[in-house]
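Reviewing the structure listed below.
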Amino acid sequence: MSIKPMSSAMERRNAETTGIDKLSTHDMLAMINREDRLVTDAIAACLPEITRLVDNATATLSRGGRVILAGAGASGRAAVLAAGEFAPDNKHSLLALMAGGLQSMVQTSELAAADYDRGVKDLEAIAFSNNDMLIGLSISGKTPWVWGALRHAWSLGARVAIVTQDASSEAAQLADIAVVPPTGPEVVAGYNNPKAQLAQKQILTMLTTGIAIRSGRVYSNLRVDVQGNTTRWQERQIALVMELTGCPRAQAKVALANGNNHCRTAILSIMTGLDAWRSRELLSDNNDNLRLALMEAQEKQLHNA
């Protein structure tokens, strides 16, 4: 059996793993693990671009635009998972768009992924505009559906970004921001792209975590946008209020009840001594950013002292 030479960066044979099929299971797995550890360094090399990605996405959301994560196949599934796990309230504008729709979460639609025009139409279907931002996900940088979506977004004057492995691809050349982690060749050529996909997922995690922090969904290192929809999550709210304010459980419960189970309102109320109504108003004035609202309350208290 012969194997034709493959030109793309992710399909080159890995000089470090040519003897992997002769190793013991333990040594084989140790080699895979060593290769996986290279992904962290590859991502570190892209921190300036990832910084721009987070800042631009946050700015887009703050002015009322949407951030769309778009991909096909494994990249599309990563987009759907990242958007779905971004926030518990589902009232946000970080969305996922996948070639072939959600049914492709179960089985990849090769036809949809290969359809340039469908990428355009799928963006048109959600009324994508120049106030939005599109982040394409394509390991190869050559997926027609993703390219079509990117090209359409670019034609509207929207901010366009790509997470890919091929800096020379048309998608990377078109994008305002191209995140291209140099993960190198895979352990086994032709067996999917696990290192590239791992890098993509970690970059998406950095993106969604960064947006959550910058948009005020995080105070210190705790998420404070928890909703009290179930008994379990109500207990989580109580624990958060107690942790951040040092108050007893009974006080936390009262503050949450007075604040209509809005976690940040309860925390701000206890921290500042303001009533729930004023705390909620102060949060609204600061786009629900607890730290900013707390700083404003403290400044006013010092001014009135």
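Here, A, B, ... name the chains of the structure tokens in the order displayed, residue numbers run from 1 inside each chain, and ligands are numbered from 1 in the same displayed order.
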Long-range neighbours of A:Ala45 as a list in words, 12 Å cut-off, only C-alpha atoms, 2 positions minimum in chain: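 Counting only C-alpha atoms, the residues come to Leu38, Val39, Thr40, Asp41, Ala42, Ile43, Leu47, Pro48, Glu49, Ile50, Thr51, Val179, Val180, Pro181, Pro182, Thr183, Ala199 and Ile203 of chain A.
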Stretch 46-130 of chain A residues near stretch 136-141 of chain A within 6 Å, closest pair each, using only C-alpha atoms, as a Markdown table:
```
| residue | atom | partner | partner_atom | distance |
| --- | --- | --- | --- | --- |
| A:Ala70 | CA | A:Gly136 | CA | 4.9 |
| A:Gly71 | CA | A:Leu137 | CA | 4.8 |
| A:Ser75 | CA | A:Leu137 | CA | 5.7 |
```
Output of the above residues as a compact mmCIF listing (two decimals), in the first residue's frame, restricted to N, CA, C and O atoms:
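See selection20.txt below for the written result:
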```txt
# COMPACT_ATOMS: atom_id res chain seq x y z
N ALA A 70 -18.62 30.07 13.54
CA ALA A 70 -19.10 29.31 12.39
C ALA A 70 -18.10 28.25 11.97
O ALA A 70 -16.92 28.54 11.78
N GLY A 71 -18.58 27.01 11.83
CA GLY A 71 -17.69 25.94 11.40
C GLY A 71 -18.46 24.77 10.84
O GLY A 71 -19.69 24.67 10.99
N SER A 75 -15.29 21.23 13.70
CA SER A 75 -15.19 22.65 14.06
C SER A 75 -16.57 23.23 14.37
O SER A 75 -16.73 24.05 15.28
```
Two-atom distance - atom CA of A:Gln173, atom CA of A:Leu134 (Å):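 Between these atoms lies a distance of 14.8 Å.
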DSSP strand (DSSP E) residues within stretch 89-151 of chain A, as a PyMOL selection string: chain A and resi 94-98+133-137
For those residues, write all heavy atoms to a file as a short mmCIF file (atom, residue, chain, number, x, y, z; two decimals), in the first residue's frame.
```
data_model
loop_
_atom_site.label_atom_id
_atom_site.label_comp_id
_atom_site.auth_asym_id
_atom_site.auth_seq_id
_atom_site.Cartn_x
_atom_site.Cartn_y
_atom_site.Cartn_z
N LEU A 94 -23.72 35.56 21.80
CA LEU A 94 -22.66 34.70 21.28
C LEU A 94 -23.34 33.45 20.72
O LEU A 94 -23.89 32.65 21.48
CB LEU A 94 -21.66 34.32 22.37
CG LEU A 94 -20.52 33.38 21.94
CD1 LEU A 94 -19.61 34.07 20.95
CD2 LEU A 94 -19.73 32.89 23.14
N LEU A 95 -23.35 33.32 19.42
CA LEU A 95 -24.13 32.29 18.75
C LEU A 95 -23.23 31.37 17.93
O LEU A 95 -22.11 31.73 17.57
CB LEU A 95 -25.18 32.93 17.84
CG LEU A 95 -26.07 34.01 18.46
CD1 LEU A 95 -26.96 34.62 17.41
CD2 LEU A 95 -26.89 33.43 19.61
N ALA A 96 -23.74 30.19 17.62
CA ALA A 96 -23.02 29.23 16.79
C ALA A 96 -23.80 28.96 15.52
O ALA A 96 -25.03 28.91 15.52
CB ALA A 96 -22.79 27.94 17.55
N LEU A 97 -23.07 28.81 14.43
CA LEU A 97 -23.66 28.47 13.15
C LEU A 97 -22.86 27.30 12.60
O LEU A 97 -21.63 27.37 12.50
CB LEU A 97 -23.56 29.68 12.20
CG LEU A 97 -24.49 29.73 10.99
CD1 LEU A 97 -25.96 29.72 11.44
CD2 LEU A 97 -24.20 30.98 10.17
N MET A 98 -23.57 26.22 12.24
CA MET A 98 -22.90 24.99 11.82
C MET A 98 -23.39 24.57 10.45
O MET A 98 -24.59 24.58 10.17
CB MET A 98 -23.18 23.88 12.83
CG MET A 98 -22.44 22.59 12.56
SD MET A 98 -22.75 21.40 13.88
CE MET A 98 -21.63 20.09 13.36
N MET A 133 -20.01 40.25 14.31
CA MET A 133 -18.65 39.75 14.08
C MET A 133 -18.73 38.26 13.78
O MET A 133 -19.47 37.52 14.44
CB MET A 133 -17.77 39.99 15.30
CG MET A 133 -16.35 39.46 15.18
SD MET A 133 -15.36 39.84 16.67
CE MET A 133 -13.78 39.11 16.20
N LEU A 134 -17.97 37.82 12.77
CA LEU A 134 -17.95 36.41 12.41
C LEU A 134 -16.58 35.83 12.72
O LEU A 134 -15.56 36.36 12.30
CB LEU A 134 -18.25 36.23 10.92
CG LEU A 134 -18.29 34.77 10.44
CD1 LEU A 134 -19.46 34.02 11.07
CD2 LEU A 134 -18.37 34.71 8.92
N ILE A 135 -16.58 34.72 13.47
CA ILE A 135 -15.35 33.99 13.76
C ILE A 135 -15.46 32.62 13.10
O ILE A 135 -16.23 31.76 13.53
CB ILE A 135 -15.12 33.84 15.27
CG1 ILE A 135 -15.07 35.22 15.94
CG2 ILE A 135 -13.83 33.06 15.54
CD1 ILE A 135 -14.95 35.17 17.46
N GLY A 136 -14.72 32.44 12.01
CA GLY A 136 -14.74 31.18 11.30
C GLY A 136 -13.79 30.17 11.94
O GLY A 136 -12.72 30.53 12.42
N LEU A 137 -14.19 28.92 11.93
CA LEU A 137 -13.36 27.84 12.46
C LEU A 137 -13.15 26.83 11.34
O LEU A 137 -14.09 26.19 10.88
CB LEU A 137 -14.06 27.16 13.64
CG LEU A 137 -14.53 28.08 14.79
CD1 LEU A 137 -15.37 27.29 15.79
CD2 LEU A 137 -13.35 28.72 15.48
#
```
Excluding same-chain residues fewer than 4 positions from stretch 249-265 of chain A, what lies within 7 Å of it counting only C-alpha atoms, as a compact mmCIF listing (two decimals) with N, CA, C and O atoms, in the first residue's frame?
```txt
# COMPACT_ATOMS: atom_id res chain seq x y z
N VAL A 224 -20.73 35.11 38.41
CA VAL A 224 -21.81 35.66 39.23
C VAL A 224 -23.08 35.87 38.41
O VAL A 224 -23.99 36.58 38.84
N ASP A 225 -23.16 35.24 37.23
CA ASP A 225 -24.37 35.36 36.41
C ASP A 225 -25.25 34.12 36.55
O ASP A 225 -26.06 33.83 35.68
N VAL A 226 -25.09 33.42 37.66
CA VAL A 226 -25.84 32.18 37.90
C VAL A 226 -27.33 32.48 38.07
O VAL A 226 -27.72 33.40 38.79
N GLY A 228 -31.23 31.28 39.21
CA GLY A 228 -31.84 30.43 40.22
C GLY A 228 -33.05 29.67 39.69
O GLY A 228 -34.13 29.72 40.29
N GLN A 237 -26.40 29.89 44.01
CA GLN A 237 -26.47 31.34 44.23
C GLN A 237 -26.18 31.69 45.68
O GLN A 237 -25.40 32.62 45.96
N ILE A 238 -26.79 30.97 46.58
CA ILE A 238 -26.57 31.23 48.01
C ILE A 238 -25.10 31.09 48.36
O ILE A 238 -24.53 31.92 49.07
N VAL A 241 -23.09 34.11 47.04
CA VAL A 241 -23.30 35.33 47.84
C VAL A 241 -22.54 35.23 49.16
O VAL A 241 -21.87 36.18 49.57
N MET A 242 -22.61 34.06 49.79
CA MET A 242 -21.89 33.87 51.05
C MET A 242 -20.39 33.97 50.85
O MET A 242 -19.67 34.58 51.66
N SER A 269 -25.93 44.52 47.02
CA SER A 269 -26.73 45.04 48.13
C SER A 269 -26.04 44.81 49.47
O SER A 269 -25.96 45.71 50.32
N ALA A 276 -32.28 46.60 47.46
CA ALA A 276 -32.26 45.80 46.23
C ALA A 276 -32.60 46.65 45.00
O ALA A 276 -31.97 46.49 43.94
N SER A 279 -29.62 48.82 44.11
CA SER A 279 -28.53 47.97 43.65
C SER A 279 -28.77 47.51 42.22
O SER A 279 -27.86 47.53 41.38
N ARG A 280 -30.01 47.12 41.93
CA ARG A 280 -30.33 46.66 40.57
C ARG A 280 -30.20 47.81 39.57
O ARG A 280 -29.72 47.62 38.45
N LEU A 290 -20.62 43.85 37.95
CA LEU A 290 -20.63 43.99 39.40
C LEU A 290 -19.46 44.84 39.90
O LEU A 290 -19.64 45.71 40.76
```
For atom CA of A:Arg66 and atom CA of A:Pro194, the interatomic separation in Å (one decimal): 29.2 Å
Separation of atom CA of A:Ala171 from atom CA of A:Trp154, in Å and rounded to one decimal: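 It comes out at 10.5 Å.
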Counting only C-alpha atoms, the option among A:Met31, A:Val67, A:Ala74, A:Ala153 closest to A:Ala196: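 Between A:Met31, A:Val67, A:Ala74, A:Ala153, the residue approaching A:Ala196 most closely is A:Ala74.
Closest to A:Leu268 among A:Asn33, A:Asn287, A:Gln298, A:Thr230 is A:Gln298, based on only C-alpha atoms.
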Residue with smallest distance to A:Gly73 - pool A:Ile211, A:Ala112, A:Ile126, A:Val163, counting only C-alpha atoms: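 Looking at the shortest contact to A:Gly73, the residue is A:Ala112.
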Which of A:Gly246, A:Cys46, A:Thr205, A:Arg13 sits closest to A:Gly84 [using only C-alpha atoms]: A:Thr205
Those in stretch 6-185 of chain A with alpha helix (DSSP H) from DSSP, as a ChimeraX atom specification: /A:25-44,47-62,73-84,110-113,116-125,144-155,170-174
A:Ile267, A:Val218, A:Leu283, A:Ile177 ranked by distance to A:Val54, top pick (using only C-alpha atoms): A:Ile177
